[in-house]
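With mmCIF, C-alpha atoms inside, this is entry05.cif:
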```cif
data_entry
#
loop_
_atom_site.group_PDB
_atom_site.id
_atom_site.type_symbol
_atom_site.label_atom_id
_atom_site.label_comp_id
_atom_site.auth_asym_id
_atom_site.auth_seq_id
_atom_site.Cartn_x
_atom_site.Cartn_y
_atom_site.Cartn_z
ATOM 1 C CA MET A 1069 -9.191 -3.904 -12.237
ATOM 2 C CA THR A 1070 -12.163 -5.738 -13.545
ATOM 3 C CA THR A 1071 -12.188 -8.949 -11.565
ATOM 4 C CA LYS A 1072 -11.664 -9.517 -7.883
ATOM 5 C CA PRO A 1073 -8.265 -11.101 -7.283
ATOM 6 C CA THR A 1074 -8.662 -14.792 -6.517
ATOM 7 C CA PRO A 1075 -5.853 -16.581 -4.715
ATOM 8 C CA ARG A 1076 -5.020 -20.171 -5.605
ATOM 9 C CA VAL A 1077 -2.765 -22.181 -3.338
ATOM 10 C CA ARG A 1078 -1.384 -25.680 -3.697
ATOM 11 C CA VAL A 1079 -0.438 -27.260 -0.378
ATOM 12 C CA PRO A 1080 -0.343 -31.023 0.161
ATOM 13 C CA SER A 1081 -3.087 -31.935 2.641
ATOM 14 C CA LYS A 1082 -0.925 -34.564 4.350
ATOM 15 C CA ALA A 1083 2.770 -34.772 5.167
ATOM 16 C CA THR A 1084 5.041 -36.866 7.350
ATOM 17 C CA ALA A 1085 6.952 -35.201 10.209
ATOM 18 C CA GLY A 1086 10.159 -33.620 8.969
ATOM 19 C CA GLU A 1087 9.059 -33.724 5.348
ATOM 20 C CA MET A 1088 9.931 -30.764 3.152
ATOM 21 C CA ILE A 1089 6.848 -29.622 1.277
ATOM 22 C CA GLU A 1090 6.664 -27.151 -1.574
ATOM 23 C CA ILE A 1091 3.911 -24.542 -1.468
ATOM 24 C CA LYS A 1092 2.823 -22.966 -4.717
ATOM 25 C CA THR A 1093 0.641 -19.874 -4.824
ATOM 26 C CA LEU A 1094 -0.917 -17.871 -7.601
ATOM 27 C CA ILE A 1095 -3.258 -14.869 -7.478
ATOM 28 C CA SER A 1096 -5.076 -13.194 -10.345
ATOM 29 C CA HIS A 1097 -4.007 -9.554 -10.400
ATOM 30 C CA GLU A 1098 -2.973 -7.170 -13.160
ATOM 31 C CA MET A 1099 0.023 -5.822 -11.210
ATOM 32 C CA GLU A 1100 -0.257 -2.432 -12.935
ATOM 33 C CA SER A 1101 3.330 -1.212 -12.908
ATOM 34 C CA GLY A 1102 2.687 2.546 -13.080
ATOM 35 C CA GLN A 1103 4.863 2.659 -16.203
ATOM 36 C CA ARG A 1104 2.197 2.127 -18.820
ATOM 37 C CA LYS A 1105 0.212 4.815 -20.621
ATOM 38 C CA ASP A 1106 -3.424 4.617 -21.699
ATOM 39 C CA ALA A 1107 -4.807 5.522 -25.138
ATOM 40 C CA LYS A 1108 -4.833 9.215 -24.196
ATOM 41 C CA GLY A 1109 -1.163 9.111 -23.278
ATOM 42 C CA GLU A 1110 -1.795 9.443 -19.565
ATOM 43 C CA THR A 1111 0.126 7.270 -17.138
ATOM 44 C CA ILE A 1112 -1.970 4.494 -15.626
ATOM 45 C CA PRO A 1113 -1.436 4.709 -11.854
ATOM 46 C CA ARG A 1114 0.472 1.923 -10.167
ATOM 47 C CA GLN A 1115 -1.581 -0.759 -8.461
ATOM 48 C CA ILE A 1116 0.228 -3.914 -7.475
ATOM 49 C CA ILE A 1117 0.194 -6.439 -4.682
ATOM 50 C CA ASN A 1118 3.190 -5.260 -2.699
ATOM 51 C CA LYS A 1119 3.417 -7.975 -0.056
ATOM 52 C CA PHE A 1120 2.809 -11.687 0.197
ATOM 53 C CA SER A 1121 3.186 -13.451 3.508
ATOM 54 C CA ALA A 1122 2.697 -16.948 4.832
ATOM 55 C CA SER A 1123 2.276 -18.049 8.428
ATOM 56 C CA PHE A 1124 1.632 -21.432 10.042
ATOM 57 C CA ASN A 1125 -0.397 -21.622 13.259
ATOM 58 C CA GLY A 1126 0.132 -17.870 13.595
ATOM 59 C CA LYS A 1127 3.929 -18.047 13.287
ATOM 60 C CA PRO A 1128 5.522 -16.283 10.297
ATOM 61 C CA VAL A 1129 7.138 -18.654 7.817
ATOM 62 C CA PHE A 1130 7.903 -16.733 4.666
ATOM 63 C CA ALA A 1131 7.282 -13.288 3.188
ATOM 64 C CA ALA A 1132 7.971 -11.561 -0.094
ATOM 65 C CA ASP A 1133 7.973 -7.849 -0.942
ATOM 66 C CA TRP A 1134 6.958 -7.507 -4.541
ATOM 67 C CA PHE A 1135 7.990 -4.572 -6.728
ATOM 68 C CA PRO A 1136 6.407 -3.495 -10.033
ATOM 69 C CA ALA A 1137 8.860 -5.843 -11.790
ATOM 70 C CA ILE A 1138 6.741 -8.831 -10.693
ATOM 71 C CA SER A 1139 4.636 -10.256 -13.524
ATOM 72 C CA ALA A 1140 0.851 -10.050 -13.713
ATOM 73 C CA ASN A 1141 -0.979 -12.872 -11.921
ATOM 74 C CA PRO A 1142 1.954 -13.238 -9.545
ATOM 75 C CA TYR A 1143 3.250 -16.707 -8.796
ATOM 76 C CA GLN A 1144 5.238 -17.506 -5.702
ATOM 77 C CA SER A 1145 6.550 -20.804 -4.484
ATOM 78 C CA PHE A 1146 8.599 -21.649 -1.412
ATOM 79 C CA PHE A 1147 9.268 -24.527 1.006
ATOM 80 C CA PHE A 1148 8.079 -25.498 4.457
ATOM 81 C CA LYS A 1149 9.340 -28.179 6.817
ATOM 82 C CA ALA A 1150 6.317 -29.992 8.226
ATOM 83 C CA THR A 1151 6.567 -30.759 11.937
ATOM 84 C CA GLU A 1152 3.003 -30.588 13.272
ATOM 85 C CA SER A 1153 -0.563 -30.366 12.011
ATOM 86 C CA GLY A 1154 -2.045 -26.937 11.628
ATOM 87 C CA GLU A 1155 -3.258 -24.254 9.323
ATOM 88 C CA PHE A 1156 -1.503 -21.936 6.916
ATOM 89 C CA THR A 1157 -2.636 -18.348 6.436
ATOM 90 C CA PHE A 1158 -1.558 -16.741 3.183
ATOM 91 C CA THR A 1159 -2.061 -12.980 2.843
ATOM 92 C CA TRP A 1160 -1.662 -10.744 -0.187
ATOM 93 C CA LYS A 1161 -1.633 -6.951 0.390
ATOM 94 C CA ASP A 1162 -2.804 -4.687 -2.412
ATOM 95 C CA ASP A 1163 -1.623 -1.085 -3.006
ATOM 96 C CA ASN A 1164 -5.265 -0.029 -2.585
ATOM 97 C CA GLY A 1165 -5.350 -1.353 0.987
ATOM 98 C CA SER A 1166 -7.262 -4.550 0.245
ATOM 99 C CA GLU A 1167 -6.123 -7.866 1.641
ATOM 100 C CA TYR A 1168 -6.728 -11.233 0.061
ATOM 101 C CA VAL A 1169 -6.490 -14.237 2.347
ATOM 102 C CA SER A 1170 -6.354 -17.984 1.844
ATOM 103 C CA LYS A 1171 -6.315 -20.551 4.658
ATOM 104 C CA ASN A 1172 -5.152 -24.113 4.080
ATOM 105 C CA LYS A 1173 -4.938 -27.036 6.480
ATOM 106 C CA LEU A 1174 -2.021 -29.438 6.748
ATOM 107 C CA THR A 1175 -2.163 -32.760 8.571
ATOM 108 C CA VAL A 1176 1.113 -34.218 9.769
ATOM 109 C CA GLY A 1177 1.163 -37.868 10.799
ATOM 110 C CA MET B 1074 46.726 5.657 -45.321
ATOM 111 C CA LEU B 1075 44.880 8.826 -44.544
ATOM 112 C CA THR B 1076 44.249 10.005 -48.073
ATOM 113 C CA HIS B 1077 40.589 9.037 -48.121
ATOM 114 C CA LEU B 1078 39.164 10.685 -45.067
ATOM 115 C CA PRO B 1079 35.383 10.708 -45.472
ATOM 116 C CA THR B 1080 34.059 14.212 -45.732
ATOM 117 C CA LEU B 1081 30.821 14.978 -43.938
ATOM 118 C CA SER B 1082 28.313 16.503 -46.316
ATOM 119 C CA ARG B 1083 25.978 19.247 -45.142
ATOM 120 C CA ARG B 1084 23.011 16.892 -45.529
ATOM 121 C CA ASP B 1085 24.678 14.251 -43.361
ATOM 122 C CA ALA B 1086 25.515 16.825 -40.718
ATOM 123 C CA VAL B 1087 21.883 17.990 -40.564
ATOM 124 C CA LYS B 1088 20.724 14.365 -40.346
ATOM 125 C CA ALA B 1089 23.139 13.593 -37.545
ATOM 126 C CA ALA B 1090 22.024 16.663 -35.621
ATOM 127 C CA ALA B 1091 18.384 15.652 -36.014
ATOM 128 C CA TRP B 1092 19.144 12.166 -34.675
ATOM 129 C CA ALA B 1093 21.013 13.601 -31.723
ATOM 130 C CA LEU B 1094 18.050 15.833 -30.906
ATOM 131 C CA ALA B 1095 15.604 12.946 -31.224
ATOM 132 C CA ALA B 1096 17.760 10.775 -28.971
ATOM 133 C CA ALA B 1097 17.954 13.544 -26.376
ATOM 134 C CA ALA B 1098 14.169 13.917 -26.462
ATOM 135 C CA ILE B 1099 13.609 10.195 -25.924
ATOM 136 C CA ALA B 1100 16.316 9.705 -23.298
ATOM 137 C CA PRO B 1101 14.450 11.072 -20.256
ATOM 138 C CA ARG B 1102 11.460 8.847 -21.026
ATOM 139 C CA LEU B 1103 13.663 5.779 -20.999
ATOM 140 C CA ALA B 1104 14.967 6.508 -17.544
ATOM 141 C CA PHE B 1105 16.032 2.973 -16.671
ATOM 142 C CA ALA B 1106 17.808 1.969 -13.535
ATOM 143 C CA ASP B 1107 21.432 1.032 -13.994
ATOM 144 C CA GLU B 1108 24.317 -0.494 -12.084
ATOM 145 C CA LYS B 1109 24.580 2.670 -9.988
ATOM 146 C CA ALA B 1110 20.912 2.571 -8.984
ATOM 147 C CA VAL B 1111 21.239 -1.070 -7.941
ATOM 148 C CA ALA B 1112 24.465 -0.352 -6.038
ATOM 149 C CA ALA B 1113 22.691 2.543 -4.275
ATOM 150 C CA GLU B 1114 19.816 0.262 -3.239
ATOM 151 C CA ILE B 1115 22.235 -2.319 -1.860
ATOM 152 C CA LYS B 1116 24.158 0.406 -0.033
ATOM 153 C CA LYS B 1117 20.902 1.653 1.508
ATOM 154 C CA LEU B 1118 20.272 -1.840 2.897
ATOM 155 C CA TYR B 1119 23.748 -2.966 3.900
ATOM 156 C CA GLY B 1120 26.157 -0.033 3.621
ATOM 157 C CA ASP B 1121 29.622 -0.997 2.424
ATOM 158 C CA LYS B 1122 29.647 -4.464 4.015
ATOM 159 C CA PRO B 1123 31.804 -6.937 2.120
ATOM 160 C CA MET B 1124 30.012 -9.511 0.007
ATOM 161 C CA ALA B 1125 31.162 -13.008 -0.789
ATOM 162 C CA SER B 1126 30.247 -15.008 -3.848
ATOM 163 C CA GLY B 1127 28.957 -18.565 -3.797
ATOM 164 C CA LYS B 1128 26.119 -20.254 -1.880
ATOM 165 C CA ILE B 1129 23.510 -18.725 -4.205
ATOM 166 C CA LYS B 1130 22.007 -20.712 -7.042
ATOM 167 C CA LEU B 1131 20.312 -18.216 -9.342
ATOM 168 C CA ASP B 1132 18.223 -20.180 -11.794
ATOM 169 C CA VAL B 1133 17.081 -17.948 -14.669
ATOM 170 C CA PRO B 1134 16.806 -18.523 -18.407
ATOM 171 C CA GLU B 1135 19.755 -17.409 -20.523
ATOM 172 C CA ILE B 1136 17.369 -16.062 -23.133
ATOM 173 C CA ALA B 1137 13.869 -14.835 -22.251
ATOM 174 C CA GLU B 1138 11.628 -14.627 -25.283
ATOM 175 C CA ASN B 1139 8.958 -12.696 -23.422
ATOM 176 C CA GLY B 1140 10.178 -10.083 -20.953
ATOM 177 C CA LEU B 1141 6.739 -9.944 -19.341
ATOM 178 C CA VAL B 1142 7.076 -13.351 -17.724
ATOM 179 C CA VAL B 1143 10.604 -14.441 -16.846
ATOM 180 C CA PRO B 1144 10.864 -17.271 -14.306
ATOM 181 C CA ILE B 1145 13.387 -16.806 -11.509
ATOM 182 C CA ASN B 1146 14.231 -19.543 -9.039
ATOM 183 C CA ILE B 1147 16.642 -18.847 -6.191
ATOM 184 C CA GLU B 1148 18.189 -21.402 -3.901
ATOM 185 C CA ILE B 1149 20.652 -20.615 -1.142
ATOM 186 C CA GLU B 1150 22.858 -23.181 0.505
ATOM 187 C CA SER B 1151 22.061 -23.171 4.222
ATOM 188 C CA PRO B 1152 21.197 -25.680 6.966
ATOM 189 C CA MET B 1153 18.182 -23.460 7.871
ATOM 190 C CA THR B 1154 18.428 -24.079 11.627
ATOM 191 C CA GLU B 1155 17.732 -21.539 14.385
ATOM 192 C CA ALA B 1156 21.492 -20.938 14.632
ATOM 193 C CA ASP B 1157 22.245 -20.643 10.945
ATOM 194 C CA TYR B 1158 19.667 -19.655 8.360
ATOM 195 C CA VAL B 1159 19.083 -17.299 5.461
ATOM 196 C CA LYS B 1160 17.329 -14.184 6.710
ATOM 197 C CA ALA B 1161 16.658 -12.182 3.569
ATOM 198 C CA VAL B 1162 17.210 -12.306 -0.155
ATOM 199 C CA HIS B 1163 16.916 -9.297 -2.457
ATOM 200 C CA VAL B 1164 16.752 -9.344 -6.231
ATOM 201 C CA PHE B 1165 17.581 -6.290 -8.347
ATOM 202 C CA ALA B 1166 17.410 -5.622 -12.079
ATOM 203 C CA GLU B 1167 19.917 -3.279 -13.666
ATOM 204 C CA GLY B 1168 17.914 -2.457 -16.779
ATOM 205 C CA ASN B 1169 14.366 -1.949 -15.492
ATOM 206 C CA PRO B 1170 12.710 1.430 -14.762
ATOM 207 C CA GLN B 1171 13.115 0.642 -11.047
ATOM 208 C CA PRO B 1172 15.870 -1.521 -9.577
ATOM 209 C CA GLY B 1173 13.749 -3.592 -7.140
ATOM 210 C CA VAL B 1174 12.280 -6.935 -8.220
ATOM 211 C CA VAL B 1175 11.557 -8.896 -5.060
ATOM 212 C CA SER B 1176 12.717 -9.185 -1.438
ATOM 213 C CA TYR B 1177 12.235 -12.422 0.466
ATOM 214 C CA GLN B 1178 12.235 -13.008 4.201
ATOM 215 C CA PHE B 1179 12.956 -16.594 5.197
ATOM 216 C CA THR B 1180 12.679 -18.300 8.580
ATOM 217 C CA PRO B 1181 14.114 -21.614 9.840
ATOM 218 C CA ALA B 1182 10.563 -23.012 9.460
ATOM 219 C CA CYS B 1183 11.067 -22.954 5.686
ATOM 220 C CA GLY B 1184 13.515 -25.850 5.956
ATOM 221 C CA LYS B 1185 15.067 -24.792 2.673
ATOM 222 C CA ALA B 1186 15.956 -21.294 1.434
ATOM 223 C CA SER B 1187 14.389 -21.587 -1.960
ATOM 224 C CA ALA B 1188 11.703 -19.554 -3.702
ATOM 225 C CA ALA B 1189 10.469 -19.055 -7.235
ATOM 226 C CA THR B 1190 8.462 -16.319 -8.925
ATOM 227 C CA ARG B 1191 8.085 -14.625 -12.305
ATOM 228 C CA MET B 1192 9.350 -11.166 -13.170
ATOM 229 C CA ARG B 1193 9.168 -8.501 -15.861
ATOM 230 C CA LEU B 1194 12.327 -7.406 -17.645
ATOM 231 C CA ALA B 1195 12.341 -4.332 -19.879
ATOM 232 C CA GLN B 1196 15.474 -5.292 -21.821
ATOM 233 C CA THR B 1197 18.545 -7.497 -21.887
ATOM 234 C CA GLN B 1198 20.257 -6.957 -18.551
ATOM 235 C CA ASP B 1199 21.995 -8.247 -15.436
ATOM 236 C CA ILE B 1200 20.101 -9.520 -12.406
ATOM 237 C CA ILE B 1201 21.762 -9.119 -9.017
ATOM 238 C CA CYS B 1202 20.879 -11.247 -6.019
ATOM 239 C CA VAL B 1203 22.004 -10.463 -2.463
ATOM 240 C CA ALA B 1204 21.465 -12.914 0.392
ATOM 241 C CA GLU B 1205 21.761 -11.987 4.064
ATOM 242 C CA MET B 1206 22.557 -14.821 6.463
ATOM 243 C CA SER B 1207 21.430 -14.916 10.097
ATOM 244 C CA ASN B 1208 25.004 -14.156 11.254
ATOM 245 C CA GLY B 1209 25.025 -10.996 9.141
ATOM 246 C CA THR B 1210 27.292 -12.167 6.324
ATOM 247 C CA LEU B 1211 26.309 -11.301 2.774
ATOM 248 C CA HIS B 1212 26.512 -13.268 -0.420
ATOM 249 C CA THR B 1213 25.880 -12.094 -3.933
ATOM 250 C CA ALA B 1214 25.325 -13.551 -7.380
ATOM 251 C CA LYS B 1215 24.746 -12.119 -10.830
ATOM 252 C CA ALA B 1216 23.139 -13.454 -13.998
ATOM 253 C CA ASN B 1217 22.703 -12.001 -17.451
ATOM 254 C CA ILE B 1218 19.394 -12.489 -19.237
ATOM 255 C CA LYS B 1219 18.886 -11.718 -22.906
ATOM 256 C CA VAL B 1220 15.393 -10.381 -23.476
ATOM 257 C CA THR B 1221 13.856 -10.643 -26.941
ATOM 258 C CA ILE B 1222 10.635 -8.678 -26.257
ATOM 259 C CA GLY B 1223 10.746 -6.176 -23.403
ATOM 260 C CA GLY B 1224 8.136 -6.319 -20.653
ATOM 261 C CA CYS B 1225 7.502 -2.677 -19.866
ATOM 262 C CA GLY B 1226 5.305 0.065 -21.250
ATOM 263 C CA GLY B 1227 2.707 -0.230 -24.038
#
```

Mind turning this structure into structure tokens?
Amino acid sequence: MTTKPTPRVRVPSKATAGEMIEIKTLISHEMESGQRKDAKGETIPRQIINKFSASFNGKPVFAADWFPAISANPYQSFFFKATESGEFTFTWKDDNGSEYVSKNKLTVG
Amino acid sequence: MLTHLPTLSRRDAVKAAAWALAAAAIAPRLAFADEKAVAAEIKKLYGDKPMASGKIKLDVPEIAENGLVVPINIEIESPMTEADYVKAVHVFAEGNPQPGVVSYQFTPACGKASAATRMRLAQTQDIICVAEMSNGTLHTAKANIKVTIGGCGG
């Protein structure tokens, strides 16, 4: 891993009550599958982001367990029904124990 | 007519034996998951519970030119209320080194049981999707994807 994984999240900043919004997330990560071999023929150890989760005002909304079959720079989109203003917390968990977090505000009105 | 049975020359026999040996040597390295591995994973999660078809819309390309990045969009028919929602969705690949692709956990707050990501596929294969509803019932769907360039290894 050469660069620090950077999350990018697209959440509309405003929504009307009851509106269904689509959340799109992307994080830069090699998602090393543990299947590849380096030039010397040695297996490159697995290092992927194994869990993505989203919560709103502390309440869990959506989560995904990723396996090595998920592409590099993993993309994930899902939906959320807006009912009140608040803040999303998106968390990505790396095999190496690191956590990458993004917080995004949503105003409903 | 059986008058012209092809006779196997010594050279051909040696060639065939060499191929068989080479294939045997390669086989363990290409230890891909198969239908059985996927079935075992599903059994681990849900035992022998019956599974219905329908309700799942598995949106994948028929032909994936690049197995490294294959879009997969799943949508499950559900009102997504506290009483009736989609709890979990699991995606498995029958022709990858490991059967698991992704497992989703939905909540009624999602409003809609739909999610999209991108996956790696090593070869042309079937994708299996299993959805677990809040009342415990299971639904399944299957799609075949033809992969032109595999997305695993070197």

Please report, as CSV, each residue of chain B lying at most 6 Å from chain A, together with the nearest pair of atoms and the separation in Å rounded to one decimal; use all atoms listed in the file, and order rows by chain and ascending residue number.
```
residue,atom,partner,partner_atom,distance
B:Val1142,CA,A:Ser1139,CA,5.8
B:Gly1173,CA,A:Phe1135,CA,5.9
B:Val1174,CA,A:Ala1137,CA,5.1
B:Val1175,CA,A:Trp1134,CA,4.8
B:Ser1176,CA,A:Asp1133,CA,5.0
B:Tyr1177,CA,A:Ala1132,CA,4.4
B:Gln1178,CA,A:Ala1131,CA,5.1
B:Phe1179,CA,A:Phe1130,CA,5.1
B:Thr1180,CA,A:Val1129,CA,5.6
B:Ala1182,CA,A:Val1129,CA,5.8
B:Cys1183,CA,A:Phe1148,CA,4.1
B:Gly1184,CA,A:Lys1149,CA,4.9
B:Ser1187,CA,A:Phe1146,CA,5.8
B:Ala1188,CA,A:Phe1146,CA,4.4
B:Ala1189,CA,A:Ser1145,CA,5.1
B:Thr1190,CA,A:Gln1144,CA,4.7
B:Arg1191,CA,A:Ser1139,CA,5.7
B:Met1192,CA,A:Ile1138,CA,4.3
B:Arg1193,CA,A:Ala1137,CA,4.9
B:Gly1226,CA,A:Arg1104,CA,4.5
B:Gly1227,CA,A:Arg1104,CA,5.7
```

Which neighbours of range 1165-1171 of chain B fall inside 8 Å, counting only C-alpha atoms, when residues of the same chain fewer than 3 positions from it are skipped, and could you give them as a short mmCIF file (atom, residue, chain, number, x, y, z; two decimals) with C-alpha atoms, in the frame of the given file?
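Resulting contents of selection.cif:
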```cif
data_model
loop_
_atom_site.label_atom_id
_atom_site.label_comp_id
_atom_site.auth_asym_id
_atom_site.auth_seq_id
_atom_site.Cartn_x
_atom_site.Cartn_y
_atom_site.Cartn_z
CA PRO A 1136 6.41 -3.50 -10.03
CA ALA A 1137 8.86 -5.84 -11.79
CA LEU B 1103 13.66 5.78 -21.00
CA ALA B 1104 14.97 6.51 -17.54
CA PHE B 1105 16.03 2.97 -16.67
CA ALA B 1106 17.81 1.97 -13.54
CA ASP B 1107 21.43 1.03 -13.99
CA GLU B 1108 24.32 -0.49 -12.08
CA ALA B 1110 20.91 2.57 -8.98
CA VAL B 1111 21.24 -1.07 -7.94
CA VAL B 1174 12.28 -6.94 -8.22
CA VAL B 1175 11.56 -8.90 -5.06
CA LEU B 1194 12.33 -7.41 -17.64
CA ALA B 1195 12.34 -4.33 -19.88
CA GLN B 1196 15.47 -5.29 -21.82
CA THR B 1197 18.55 -7.50 -21.89
CA GLN B 1198 20.26 -6.96 -18.55
CA ASP B 1199 22.00 -8.25 -15.44
CA ILE B 1200 20.10 -9.52 -12.41
CA ILE B 1201 21.76 -9.12 -9.02
CA CYS B 1202 20.88 -11.25 -6.02
#
```

Please expand the PyMOL selection byres ((chain B and resi 1203) around 6) into the concrete residues it hits in this file, giving the result as a PyMOL selection string.
chain B and resi 1162-1163+1202+1204+1212-1213

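CA of His1097 in chain A is positioned 19.0 Å from CA of Thr1157 in chain A.
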
Exercise: range 1156-1159 of chain B partners within 7 Å, all atoms listed in the file, chain neighbours under 3 positions left out, as a compact mmCIF listing (two decimals) with C-alpha atoms, in the coordinates of the input:
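Saved as result.txt:
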```
# COMPACT_ATOMS: atom_id res chain seq x y z
CA SER B 1151 22.06 -23.17 4.22
CA PRO B 1152 21.20 -25.68 6.97
CA MET B 1153 18.18 -23.46 7.87
CA PHE B 1179 12.96 -16.59 5.20
CA PRO B 1181 14.11 -21.61 9.84
CA ALA B 1186 15.96 -21.29 1.43
CA GLU B 1205 21.76 -11.99 4.06
CA MET B 1206 22.56 -14.82 6.46
CA SER B 1207 21.43 -14.92 10.10
```

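Of note, CA of Pro1113 in chain A and CA of Val1169 in chain A are spaced 24.2 Å apart.
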
For CA of Pro1172 in chain B and CA of Ala1122 in chain A, the interatomic separation in Å (one decimal):
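Those two atoms sit 24.9 Å apart.
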
Range 1105-1123 of chain B, all listed atoms, 5 Å padding on each side: what axis-aligned box centre and edge lengths in Å to one decimal come out, as lines of an AutoDock Vina configuration file?
```
center_x = 23.9
center_y = -2.0
center_z = -6.3
size_x = 25.8
size_y = 19.9
size_z = 30.7
```

Could you check which of A:Thr1175, A:Asn1164, A:Asn1125, A:Ser1096 is closest to Thr1071 in chain A, using all atoms listed in the file?
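The shortest atom-to-atom distance to Thr1071 in chain A comes from A:Ser1096.
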
Any chance you could resolve the PyMOL selection byres ((chain A and resi 1075) around 7) against this file and give the residues as a list in words?
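Selected by the PyMOL selection byres ((chain A and resi 1075) around 7) in this file: Pro1073, Thr1074, Arg1076, Val1077, Leu1094, Ile1095, Ser1096 and Ser1170 of chain A.
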
Just want the 9 Å neighbourhood of Lys1122 in chain B, counted on all atoms listed in the file, with same-chain residues fewer than 4 positions away dropped. Output as a list in words.
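My reading of the contact set: Lys1116, Thr1210 and Leu1211 of chain B.
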
For the provided coordinates, the residues matched by the PyMOL selection byres ((chain B and resi 1147) around 6) should be stated as a ChimeraX atom specification.
/B:1130-1132,1146,1148,1187-1188
